[in-house]
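Visitor: Take a look at run-v7.cif, mmCIF, C-alpha atoms:
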data_entry
#
loop_
_atom_site.group_PDB
_atom_site.id
_atom_site.type_symbol
_atom_site.label_atom_id
_atom_site.label_comp_id
_atom_site.auth_asym_id
_atom_site.auth_seq_id
_atom_site.Cartn_x
_atom_site.Cartn_y
_atom_site.Cartn_z
ATOM 1 C CA MET P 1295 135.947 126.009 54.786
ATOM 2 C CA ALA P 1296 135.163 125.994 58.516
ATOM 3 C CA MET P 1297 135.894 122.822 60.423
ATOM 4 C CA LYS P 1298 132.865 120.624 61.091
ATOM 5 C CA PHE P 1299 131.927 118.646 64.164
ATOM 6 C CA GLY P 1300 130.359 115.275 64.816
ATOM 7 C CA ILE P 1301 129.453 113.391 67.971
ATOM 8 C CA ILE P 1302 129.170 109.740 68.979
ATOM 9 C CA VAL P 1303 125.697 109.182 70.404
ATOM 10 C CA PRO P 1304 125.415 107.159 73.647
ATOM 11 C CA GLN P 1305 124.972 103.566 72.564
ATOM 12 C CA GLY P 1306 126.125 101.573 75.577
ATOM 13 C CA TRP P 1307 129.311 100.039 74.204
ATOM 14 C CA ARG P 1308 131.555 102.364 76.202
ATOM 15 C CA MET P 1309 129.407 102.189 79.333
ATOM 16 C CA ASP P 1310 127.714 105.474 78.446
ATOM 17 C CA LEU P 1311 124.163 104.305 79.189
ATOM 18 C CA VAL P 1312 124.914 102.881 82.639
ATOM 19 C CA GLY P 1313 122.209 103.645 85.160
ATOM 20 C CA ILE P 1314 119.327 103.430 82.686
ATOM 21 C CA SER P 1315 117.684 100.095 83.460
ATOM 22 C CA ASP P 1316 114.809 100.275 80.963
ATOM 23 C CA PRO P 1317 116.116 99.461 77.442
ATOM 24 C CA VAL P 1318 113.346 101.540 75.849
ATOM 25 C CA GLU P 1319 114.426 104.558 77.865
ATOM 26 C CA ALA P 1320 118.053 103.787 76.951
ATOM 27 C CA TYR P 1321 117.186 104.011 73.259
ATOM 28 C CA GLU P 1322 115.155 107.180 73.820
ATOM 29 C CA THR P 1323 118.197 108.648 75.553
ATOM 30 C CA MET P 1324 120.325 107.857 72.502
ATOM 31 C CA THR P 1325 117.863 109.459 70.113
ATOM 32 C CA ARG P 1326 117.432 112.518 72.363
ATOM 33 C CA VAL P 1327 121.160 113.138 72.173
ATOM 34 C CA ALA P 1328 121.055 112.720 68.373
ATOM 35 C CA GLN P 1329 118.188 115.181 68.049
ATOM 36 C CA GLU P 1330 119.825 117.679 70.407
ATOM 37 C CA ALA P 1331 123.080 117.441 68.442
ATOM 38 C CA GLU P 1332 121.137 118.208 65.285
ATOM 39 C CA THR P 1333 119.492 121.218 66.900
ATOM 40 C CA LEU P 1334 122.824 122.480 68.222
ATOM 41 C CA GLY P 1335 124.445 122.496 64.805
ATOM 42 C CA PHE P 1336 126.622 119.397 64.806
ATOM 43 C CA ASN P 1337 127.291 118.201 61.265
ATOM 44 C CA SER P 1338 127.129 114.485 62.021
ATOM 45 C CA ILE P 1339 126.224 111.775 64.508
ATOM 46 C CA TRP P 1340 128.032 108.442 64.703
ATOM 47 C CA LEU P 1341 127.621 104.959 66.163
ATOM 48 C CA PHE P 1342 130.138 102.293 67.096
ATOM 49 C CA ASP P 1343 129.740 98.807 65.614
ATOM 50 C CA HIS P 1344 130.053 96.511 68.633
ATOM 51 C CA PHE P 1345 127.891 93.955 70.389
ATOM 52 C CA HIS P 1346 128.883 94.063 74.050
ATOM 53 C CA THR P 1347 130.725 96.470 76.325
ATOM 54 C CA VAL P 1348 134.421 97.293 76.387
ATOM 55 C CA PRO P 1349 136.951 96.702 77.895
ATOM 56 C CA THR P 1350 135.077 94.002 79.827
ATOM 57 C CA PRO P 1351 131.936 92.252 78.535
ATOM 58 C CA THR P 1352 129.014 93.042 80.840
ATOM 59 C CA GLN P 1353 125.238 92.767 80.818
ATOM 60 C CA GLU P 1354 124.879 96.515 80.164
ATOM 61 C CA VAL P 1355 122.816 97.607 77.156
ATOM 62 C CA THR P 1356 124.724 97.840 73.861
ATOM 63 C CA PHE P 1357 122.561 98.742 70.868
ATOM 64 C CA GLU P 1358 123.378 97.188 67.481
ATOM 65 C CA CYS P 1359 124.867 99.677 65.074
ATOM 66 C CA TRP P 1360 122.979 99.295 61.807
ATOM 67 C CA THR P 1361 119.462 98.913 63.159
ATOM 68 C CA SER P 1362 120.164 101.966 65.319
ATOM 69 C CA THR P 1363 121.490 103.840 62.279
ATOM 70 C CA ALA P 1364 118.231 103.141 60.455
ATOM 71 C CA ALA P 1365 116.155 104.279 63.424
ATOM 72 C CA LEU P 1366 118.132 107.488 63.852
ATOM 73 C CA ALA P 1367 117.753 108.157 60.134
ATOM 74 C CA ARG P 1368 114.039 108.542 60.776
ATOM 75 C CA ASP P 1369 114.391 110.304 64.130
ATOM 76 C CA THR P 1370 116.476 113.143 62.635
ATOM 77 C CA LYS P 1371 116.077 115.411 59.618
ATOM 78 C CA ARG P 1372 119.343 117.222 58.798
ATOM 79 C CA VAL P 1373 122.361 115.761 60.552
ATOM 80 C CA ARG P 1374 124.551 113.224 58.711
ATOM 81 C CA ILE P 1375 124.737 109.697 60.160
ATOM 82 C CA GLY P 1376 127.704 107.342 60.112
ATOM 83 C CA GLN P 1377 129.478 104.397 61.730
ATOM 84 C CA MET P 1378 132.759 104.686 63.599
ATOM 85 C CA VAL P 1379 133.268 102.182 62.064
ATOM 86 C CA THR P 1380 131.423 99.162 60.648
ATOM 87 C CA CYS P 1381 133.414 96.006 61.435
ATOM 88 C CA ASN P 1382 134.013 94.292 58.122
ATOM 89 C CA GLY P 1383 134.165 90.842 59.702
ATOM 90 C CA TYR P 1384 130.611 90.913 61.052
ATOM 91 C CA ARG P 1385 128.634 91.099 57.794
ATOM 92 C CA ASN P 1386 129.073 90.103 54.181
ATOM 93 C CA PRO P 1387 129.985 93.227 52.169
ATOM 94 C CA SER P 1388 127.298 92.723 49.529
ATOM 95 C CA LEU P 1389 124.694 92.591 52.309
ATOM 96 C CA LEU P 1390 126.268 95.686 53.867
ATOM 97 C CA ALA P 1391 126.017 97.498 50.552
ATOM 98 C CA LYS P 1392 122.316 96.669 50.376
ATOM 99 C CA MET P 1393 121.744 97.766 53.974
ATOM 100 C CA ALA P 1394 123.576 101.032 53.406
ATOM 101 C CA SER P 1395 121.668 101.783 50.218
ATOM 102 C CA THR P 1396 118.389 101.303 52.067
ATOM 103 C CA VAL P 1397 119.477 103.562 54.943
ATOM 104 C CA ASP P 1398 120.645 106.232 52.522
ATOM 105 C CA VAL P 1399 117.105 106.353 51.148
ATOM 106 C CA LEU P 1400 115.569 106.314 54.643
ATOM 107 C CA SER P 1401 117.730 109.303 55.568
ATOM 108 C CA ASN P 1402 117.159 111.207 52.310
ATOM 109 C CA GLY P 1403 120.843 110.952 51.449
ATOM 110 C CA ARG P 1404 122.501 111.626 54.808
ATOM 111 C CA LEU P 1405 124.536 108.437 55.247
ATOM 112 C CA ASP P 1406 128.310 108.265 55.642
ATOM 113 C CA PHE P 1407 129.456 104.651 55.428
ATOM 114 C CA GLY P 1408 132.376 103.960 57.764
ATOM 115 C CA ILE P 1409 134.273 100.665 57.628
ATOM 116 C CA GLY P 1410 137.292 99.141 59.364
ATOM 117 C CA ALA P 1411 139.102 95.807 59.481
ATOM 118 C CA GLY P 1412 137.951 94.965 63.033
ATOM 119 C CA TRP P 1413 139.988 94.439 66.196
ATOM 120 C CA TYR P 1414 137.847 93.352 69.187
ATOM 121 C CA GLY P 1415 138.850 89.682 69.352
ATOM 122 C CA ASN P 1416 136.782 88.941 72.442
ATOM 123 C CA GLU P 1417 133.651 89.960 70.575
ATOM 124 C CA TYR P 1418 134.489 87.950 67.444
ATOM 125 C CA GLN P 1419 134.988 84.836 69.534
ATOM 126 C CA ALA P 1420 131.906 85.360 71.700
ATOM 127 C CA TYR P 1421 129.679 85.657 68.624
ATOM 128 C CA GLY P 1422 131.283 82.787 66.744
ATOM 129 C CA TYR P 1423 133.150 84.753 64.064
ATOM 130 C CA ASP P 1424 136.556 83.709 62.785
ATOM 131 C CA TYR P 1425 139.250 86.102 63.971
ATOM 132 C CA PRO P 1426 142.228 85.891 61.616
ATOM 133 C CA GLU P 1427 145.453 87.797 62.154
ATOM 134 C CA ALA P 1428 145.489 91.526 61.351
ATOM 135 C CA PRO P 1429 147.124 91.227 57.896
ATOM 136 C CA GLU P 1430 144.395 88.833 56.771
ATOM 137 C CA ARG P 1431 141.645 91.010 58.218
ATOM 138 C CA LEU P 1432 143.045 93.883 56.170
ATOM 139 C CA ARG P 1433 143.064 91.734 53.033
ATOM 140 C CA HIS P 1434 139.413 90.944 53.698
ATOM 141 C CA MET P 1435 138.668 94.656 53.958
ATOM 142 C CA ARG P 1436 140.524 95.445 50.751
ATOM 143 C CA GLU P 1437 138.183 93.122 48.869
ATOM 144 C CA ALA P 1438 135.123 94.269 50.807
ATOM 145 C CA VAL P 1439 135.454 97.933 49.858
ATOM 146 C CA GLN P 1440 135.660 96.942 46.204
ATOM 147 C CA VAL P 1441 132.471 94.910 46.568
ATOM 148 C CA LEU P 1442 130.732 97.872 48.215
ATOM 149 C CA LEU P 1443 131.682 100.243 45.426
ATOM 150 C CA LYS P 1444 130.577 97.817 42.730
ATOM 151 C CA MET P 1445 127.242 97.238 44.459
ATOM 152 C CA TRP P 1446 126.700 101.001 44.654
ATOM 153 C CA THR P 1447 127.623 101.786 41.040
ATOM 154 C CA GLU P 1448 126.940 98.768 38.788
ATOM 155 C CA ASP P 1449 123.601 97.363 37.626
ATOM 156 C CA GLU P 1450 124.765 93.793 38.178
ATOM 157 C CA ALA P 1451 127.837 93.674 40.387
ATOM 158 C CA VAL P 1452 130.520 91.099 39.670
ATOM 159 C CA PHE P 1453 133.571 90.489 41.852
ATOM 160 C CA GLU P 1454 135.769 87.412 42.119
ATOM 161 C CA GLY P 1455 138.117 87.637 45.064
ATOM 162 C CA LYS P 1456 139.815 85.240 47.443
ATOM 163 C CA TYR P 1457 137.391 86.018 50.261
ATOM 164 C CA TYR P 1458 134.287 87.401 48.548
ATOM 165 C CA GLN P 1459 132.485 86.573 45.321
ATOM 166 C CA VAL P 1460 129.589 88.544 43.856
ATOM 167 C CA ARG P 1461 128.007 87.200 40.676
ATOM 168 C CA GLY P 1462 125.461 89.500 39.135
ATOM 169 C CA ALA P 1463 124.100 90.990 42.353
ATOM 170 C CA ILE P 1464 121.355 93.578 41.786
ATOM 171 C CA ASN P 1465 121.143 96.384 44.333
ATOM 172 C CA GLN P 1466 118.084 98.577 43.933
ATOM 173 C CA PRO P 1467 117.691 101.189 45.185
ATOM 174 C CA LYS P 1468 121.349 102.135 45.245
ATOM 175 C CA GLY P 1469 120.781 105.068 47.577
ATOM 176 C CA VAL P 1470 120.296 108.778 47.050
ATOM 177 C CA GLN P 1471 123.808 110.227 46.964
ATOM 178 C CA LYS P 1472 125.785 110.456 43.732
ATOM 179 C CA PRO P 1473 128.027 109.024 42.464
ATOM 180 C CA HIS P 1474 127.563 106.784 45.524
ATOM 181 C CA ILE P 1475 127.355 106.804 49.330
ATOM 182 C CA PRO P 1476 130.568 108.327 50.761
ATOM 183 C CA LEU P 1477 132.978 105.602 51.892
ATOM 184 C CA LEU P 1478 135.001 106.357 55.033
ATOM 185 C CA ILE P 1479 137.836 103.987 55.919
ATOM 186 C CA GLY P 1480 138.858 104.074 59.572
ATOM 187 C CA GLY P 1481 142.325 103.434 60.969
ATOM 188 C CA GLY P 1482 145.793 104.892 60.875
ATOM 189 C CA GLY P 1483 147.897 102.010 59.586
ATOM 190 C CA GLU P 1484 150.492 103.728 57.459
ATOM 191 C CA GLN P 1485 151.428 100.990 54.988
ATOM 192 C CA VAL P 1486 148.052 99.360 54.362
ATOM 193 C CA THR P 1487 145.026 101.211 55.747
ATOM 194 C CA LEU P 1488 145.976 104.701 54.589
ATOM 195 C CA LYS P 1489 146.922 103.259 51.209
ATOM 196 C CA LEU P 1490 143.418 101.765 50.967
ATOM 197 C CA VAL P 1491 142.012 105.212 51.752
ATOM 198 C CA ALA P 1492 144.017 106.680 48.882
ATOM 199 C CA GLN P 1493 142.830 103.949 46.517
ATOM 200 C CA PHE P 1494 139.172 103.642 47.459
ATOM 201 C CA GLY P 1495 138.073 106.046 50.202
ATOM 202 C CA ASP P 1496 136.091 109.248 50.115
ATOM 203 C CA ALA P 1497 137.049 109.969 53.732
ATOM 204 C CA CYS P 1498 139.416 108.757 56.444
ATOM 205 C CA ASN P 1499 139.310 108.668 60.220
ATOM 206 C CA VAL P 1500 142.156 108.388 62.694
ATOM 207 C CA GLY P 1501 141.885 108.835 66.419
ATOM 208 C CA HIS P 1502 143.454 109.925 69.693
ATOM 209 C CA LEU P 1503 146.498 111.698 68.235
ATOM 210 C CA ASP P 1504 148.361 114.843 69.199
ATOM 211 C CA PRO P 1505 148.662 117.481 66.454
ATOM 212 C CA GLU P 1506 152.093 116.249 65.391
ATOM 213 C CA GLY P 1507 150.893 112.658 65.091
ATOM 214 C CA LEU P 1508 147.816 113.756 63.194
ATOM 215 C CA ALA P 1509 149.851 115.814 60.734
ATOM 216 C CA ARG P 1510 152.120 112.810 60.185
ATOM 217 C CA LYS P 1511 149.198 110.528 59.305
ATOM 218 C CA TYR P 1512 147.848 113.063 56.837
ATOM 219 C CA SER P 1513 151.261 113.535 55.243
ATOM 220 C CA ILE P 1514 151.536 109.790 54.716
ATOM 221 C CA LEU P 1515 148.054 109.712 53.213
ATOM 222 C CA LYS P 1516 149.054 112.523 50.868
ATOM 223 C CA LYS P 1517 152.111 110.570 49.741
ATOM 224 C CA HIS P 1518 149.959 107.522 48.989
ATOM 225 C CA CYS P 1519 147.652 109.774 46.976
ATOM 226 C CA ASP P 1520 150.570 111.305 45.095
ATOM 227 C CA ASP P 1521 151.923 107.839 44.293
ATOM 228 C CA ILE P 1522 148.725 106.840 42.484
ATOM 229 C CA GLY P 1523 147.772 110.240 41.058
ATOM 230 C CA ARG P 1524 144.848 110.807 43.447
ATOM 231 C CA ASP P 1525 143.854 114.309 44.516
ATOM 232 C CA TYR P 1526 144.586 114.333 48.260
ATOM 233 C CA ASN P 1527 142.025 117.102 48.773
ATOM 234 C CA SER P 1528 139.259 114.881 47.384
ATOM 235 C CA ILE P 1529 139.463 112.852 50.615
ATOM 236 C CA LYS P 1530 137.650 114.221 53.668
ATOM 237 C CA ARG P 1531 139.895 114.104 56.737
ATOM 238 C CA THR P 1532 138.144 113.307 60.017
ATOM 239 C CA VAL P 1533 139.564 112.603 63.460
ATOM 240 C CA LEU P 1534 138.069 111.062 66.608
ATOM 241 C CA TYR P 1535 138.736 112.386 70.108
ATOM 242 C CA ASN P 1536 137.533 111.638 73.597
ATOM 243 C CA CYS P 1537 136.189 114.850 75.077
ATOM 244 C CA ALA P 1538 135.634 116.021 78.650
ATOM 245 C CA ILE P 1539 134.490 119.620 78.982
ATOM 246 C CA GLY P 1540 133.818 121.492 82.191
ATOM 247 C CA ALA P 1541 133.454 124.950 83.638
ATOM 248 C CA THR P 1542 136.772 124.365 85.431
ATOM 249 C CA ASP P 1543 139.799 122.254 84.637
ATOM 250 C CA ALA P 1544 139.191 120.104 87.709
ATOM 251 C CA GLU P 1545 135.613 119.440 86.628
ATOM 252 C CA ALA P 1546 136.787 118.305 83.204
ATOM 253 C CA MET P 1547 139.624 116.123 84.521
ATOM 254 C CA ALA P 1548 137.214 114.369 86.884
ATOM 255 C CA LYS P 1549 135.461 112.928 83.817
ATOM 256 C CA THR P 1550 138.516 111.393 82.155
ATOM 257 C CA GLY P 1551 139.021 108.119 84.014
ATOM 258 C CA TYR P 1552 137.488 105.966 81.276
ATOM 259 C CA TYR P 1553 139.606 107.559 78.553
ATOM 260 C CA THR P 1554 142.931 106.061 79.632
ATOM 261 C CA ARG P 1555 142.048 102.833 77.799
ATOM 262 C CA ASN P 1556 142.264 104.639 74.452
ATOM 263 C CA ILE P 1557 145.329 106.618 75.461
ATOM 264 C CA PRO P 1558 147.797 104.233 77.123
ATOM 265 C CA SER P 1559 150.510 106.894 76.899
ATOM 266 C CA GLY P 1560 148.671 108.805 79.617
ATOM 267 C CA ARG P 1561 148.970 112.020 77.550
ATOM 268 C CA LEU P 1562 145.310 112.875 77.916
ATOM 269 C CA ARG P 1563 145.738 116.597 77.424
ATOM 270 C CA GLU P 1564 147.663 116.087 74.178
ATOM 271 C CA GLN P 1565 145.608 113.218 72.739
ATOM 272 C CA ALA P 1566 142.082 114.137 73.863
ATOM 273 C CA LEU P 1567 139.974 117.266 74.236
ATOM 274 C CA ILE P 1568 140.114 117.947 77.958
ATOM 275 C CA GLY P 1569 139.440 121.142 79.857
ATOM 276 C CA THR P 1570 137.452 124.340 79.861
ATOM 277 C CA PRO P 1571 135.900 125.680 76.650
ATOM 278 C CA ASP P 1572 138.805 128.101 76.230
ATOM 279 C CA VAL P 1573 141.368 125.281 76.434
ATOM 280 C CA ILE P 1574 139.411 123.115 74.001
ATOM 281 C CA ARG P 1575 139.022 125.959 71.501
ATOM 282 C CA LYS P 1576 142.798 126.367 71.424
ATOM 283 C CA ARG P 1577 143.245 122.612 70.886
ATOM 284 C CA LEU P 1578 140.774 122.682 68.018
ATOM 285 C CA VAL P 1579 142.812 125.380 66.275
ATOM 286 C CA GLU P 1580 145.875 123.130 66.482
ATOM 287 C CA ILE P 1581 143.922 120.166 65.168
ATOM 288 C CA GLU P 1582 142.618 122.164 62.228
ATOM 289 C CA GLN P 1583 146.120 123.404 61.471
ATOM 290 C CA ALA P 1584 147.284 119.779 61.414
ATOM 291 C CA GLY P 1585 144.849 119.151 58.555
ATOM 292 C CA ALA P 1586 141.609 117.867 60.092
ATOM 293 C CA GLN P 1587 138.349 118.921 58.438
ATOM 294 C CA GLU P 1588 135.888 117.316 60.858
ATOM 295 C CA VAL P 1589 136.349 116.493 64.541
ATOM 296 C CA VAL P 1590 134.166 113.697 65.935
ATOM 297 C CA ILE P 1591 133.918 113.669 69.725
ATOM 298 C CA PHE P 1592 132.987 110.983 72.208
ATOM 299 C CA MET P 1593 131.699 112.223 75.567
ATOM 300 C CA GLN P 1594 131.237 109.698 78.341
ATOM 301 C CA ASP P 1595 128.515 111.937 79.788
ATOM 302 C CA SER P 1596 126.716 112.936 76.585
ATOM 303 C CA LYS P 1597 123.479 111.425 77.870
ATOM 304 C CA ASP P 1598 123.323 114.306 80.356
ATOM 305 C CA ILE P 1599 122.839 116.715 77.392
ATOM 306 C CA GLU P 1600 124.433 119.705 79.159
ATOM 307 C CA PRO P 1601 128.019 118.763 78.145
ATOM 308 C CA ILE P 1602 127.139 118.660 74.445
ATOM 309 C CA GLN P 1603 125.290 121.957 74.812
ATOM 310 C CA MET P 1604 128.371 123.517 76.401
ATOM 311 C CA PHE P 1605 130.608 122.189 73.620
ATOM 312 C CA ALA P 1606 128.261 123.440 70.903
ATOM 313 C CA HIS P 1607 127.731 126.882 72.406
ATOM 314 C CA GLU P 1608 131.369 127.459 73.358
ATOM 315 C CA CYS P 1609 133.462 125.526 70.832
ATOM 316 C CA ILE P 1610 131.588 125.264 67.515
ATOM 317 C CA GLN P 1611 132.221 128.454 65.602
#
How would this structure read if it were set down as structure tokens?
Guide:
Amino acid sequence: MAMKFGIIVPQGWRMDLVGISDPVEAYETMTRVAQEAETLGFNSIWLFDHFHTVPTPTQEVTFECWTSTAALARDTKRVRIGQMVTCNGYRNPSLLAKMASTVDVLSNGRLDFGIGAGWYGNEYQAYGYDYPEAPERLRHMREAVQVLLKMWTEDEAVFEGKYYQVRGAINQPKGVQKPHIPLLIGGGGEQVTLKLVAQFGDACNVGHLDPEGLARKYSILKKHCDDIGRDYNSIKRTVLYNCAIGATDAEAMAKTGYYTRNIPSGRLREQALIGTPDVIRKRLVEIEQAGAQEVVIFMQDSKDIEPIQMFAHECIQ
């Protein structure tokens, strides 16, 4: 099966709508990129789930993830739509299940539901959410994914956990996809997160890894699957990369300044997709050989359209 490709649409969180002062035009820019990606043959479009910019909060536009997901579900026709990833701490999981079911219907069954434990402490505190330590956030997520699955598969969902309780919740419609909306769990934590993928996930996502690191994560996921008798190949393996493409190497490297935040090692060429189309094609072969089935790219300049056109024409086979 040929590797698939997804793209993060410009949403503002990573300063990718800077320079567009009219918020209506900023949204129209986001949806134009989504529609162009669909036309170009991308398999999926994705949104971040954040409320204000990173790494520093600013007054720049940042569109909310789930309302934007719903809007893009109606603005597109074929491409799949997902979150990279929904922050579990921002919404009750039974509400999230209801929201997702509605969006799956709005999109005629094109939703991929991505979830993670959350990490952006500044944002939690600014919006008044509790921000427990990472182990507790992961315990929250472990319960949340079970609530989601019950809401998507049972007539009257019941769950009694430490953090969440659901007592006969009815969720109609449940969505279009069967047996339920695909559940993607984001993160590369080897002892907890990847184990949750093996137990509950339909897909995983890790990010910003060289081929050796990526292969290691997938091997650990496979071991977790083997330990519980799960078919490793039943889990879709996705990976997120920053991408800067240019006609020359210098042109591509000139676009990479913002990416160092995600790659503190400074190994941009190994842990991102940087360079001419020929260089990126070679990197994609390595990534596929490491076990990835879908590559999701973030382009700081996607709003300019031409970079995603170049990637699609030159790198999607």
Visitor: Applying the PyMOL selection byres ((chain P and resi 1332-1338) around 12) to the file I just gave you, which residues come out? Please list them as a ChimeraX atom specification.
Guide: /P:1296-1303,1325-1331,1339-1341,1366-1367,1369-1378,1404-1406,1532,1587-1591,1599-1611
Visitor: At a cut-off of 9 Å, using all atoms listed in the file, what residues contact stretch 1353-1357 of chain P? Leave out same-chain residues fewer than 2 positions from it and give the result as a ChimeraX atom specification.
Guide: /P:1305-1309,1311-1312,1314-1315,1317,1320-1321,1343-1347,1351,1359,1361-1362
Visitor: Give as an mmCIF file with C-alpha atoms, keeping the file's coordinate frame the residues that the PyMOL selection byres ((chain P and resi 1550-1552) around 10) matches when applied to the coordinates above.
Guide:
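Result file follows (result.cif):
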data_model
loop_
_atom_site.group_PDB
_atom_site.id
_atom_site.type_symbol
_atom_site.label_atom_id
_atom_site.label_comp_id
_atom_site.auth_asym_id
_atom_site.auth_seq_id
_atom_site.Cartn_x
_atom_site.Cartn_y
_atom_site.Cartn_z
ATOM 1 C CA ARG P 1308 131.555 102.364 76.202
ATOM 2 C CA MET P 1309 129.407 102.189 79.333
ATOM 3 C CA PRO P 1349 136.951 96.702 77.895
ATOM 4 C CA ASN P 1536 137.533 111.638 73.597
ATOM 5 C CA CYS P 1537 136.189 114.850 75.077
ATOM 6 C CA ALA P 1538 135.634 116.021 78.650
ATOM 7 C CA ILE P 1539 134.490 119.620 78.982
ATOM 8 C CA GLU P 1545 135.613 119.440 86.628
ATOM 9 C CA ALA P 1546 136.787 118.305 83.204
ATOM 10 C CA MET P 1547 139.624 116.123 84.521
ATOM 11 C CA ALA P 1548 137.214 114.369 86.884
ATOM 12 C CA LYS P 1549 135.461 112.928 83.817
ATOM 13 C CA TYR P 1553 139.606 107.559 78.553
ATOM 14 C CA THR P 1554 142.931 106.061 79.632
ATOM 15 C CA ARG P 1555 142.048 102.833 77.799
ATOM 16 C CA ASN P 1556 142.264 104.639 74.452
ATOM 17 C CA ILE P 1557 145.329 106.618 75.461
ATOM 18 C CA LEU P 1562 145.310 112.875 77.916
ATOM 19 C CA ALA P 1566 142.082 114.137 73.863
ATOM 20 C CA LEU P 1567 139.974 117.266 74.236
ATOM 21 C CA ILE P 1568 140.114 117.947 77.958
ATOM 22 C CA MET P 1593 131.699 112.223 75.567
ATOM 23 C CA GLN P 1594 131.237 109.698 78.341
#
Visitor: Going by the chain IDs and residue numbers used in this file, which residues fall under the PyMOL selection byres ((chain P and resi 1457) around 8)? Write them as a ChimeraX atom specification.
Guide: /P:1434,1437,1455-1456,1458-1459
Visitor: Go through P:Thr1487, P:Asn1465, P:Gln1493, P:Gln1419 and flag the residue nearest P:Ser1395, using only C-alpha atoms for the distances.
Guide: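 Between P:Thr1487, P:Asn1465, P:Gln1493, P:Gln1419, the residue approaching P:Ser1395 most closely is P:Asn1465.
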Visitor: Quick one, how far is atom CA of P:Asp1595 from atom CA of P:Gly1403?
Guide: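 So the two atoms, atom CA of P:Asp1595 and atom CA of P:Gly1403, lie 29.4 Å apart.
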Visitor: Could you name the residues that touch P:Tyr1425 at 12 Å or less, counting all atoms listed in the file, but leaving out those on the same chain fewer than 6 positions away, as number ranges by chain?
Guide: P: 1381-1384, 1411-1419, 1431-1432, 1434
Visitor: Between atom CA of P:Glu1582 and atom CA of P:Asp1520, what is the spacing in Å?
Guide: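 Going from atom CA of P:Asp1520 over to atom CA of P:Glu1582 covers 21.8 Å.
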Visitor: Please compute the atom CA of P:Ala1492-atom CA of P:Gly1410 distance, one decimal, in Å.
Guide: 14.6 Å
Visitor: Which centre and edge lengths in Å to one decimal define the box along x, y and z that fits every listed atom of stretch 1359-1374 of chain P plus 5 Å per side, as lines of an AutoDock Vina configuration file?
Guide:
center_x = 119.5
center_y = 108.1
center_z = 62.0
size_x = 20.8
size_y = 28.3
size_z = 16.6
Visitor: Counting all atoms listed in the file, which of P:Pro1304, P:Lys1392, P:Val1441, P:Pro1426 gets nearest to P:Glu1358?
Guide: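 That would be P:Pro1304, the residue with the smallest distance to P:Glu1358.
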Visitor: So which residues touch P:Phe1494 within 8 Å, counting all atoms listed in the file, skipping near sequence neighbours fewer than 6 positions away, as an MDAnalysis selection string?
Guide: chainID P and resid 1439:1440 1477
Visitor: Produce a file of the selected residues containing C-alpha atoms, as a compact mmCIF listing (two decimals), keeping the file's coordinate frame.
Guide:
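The resulting result_18.txt:
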# COMPACT_ATOMS: atom_id res chain seq x y z
CA VAL P 1439 135.45 97.93 49.86
CA GLN P 1440 135.66 96.94 46.20
CA LEU P 1477 132.98 105.60 51.89
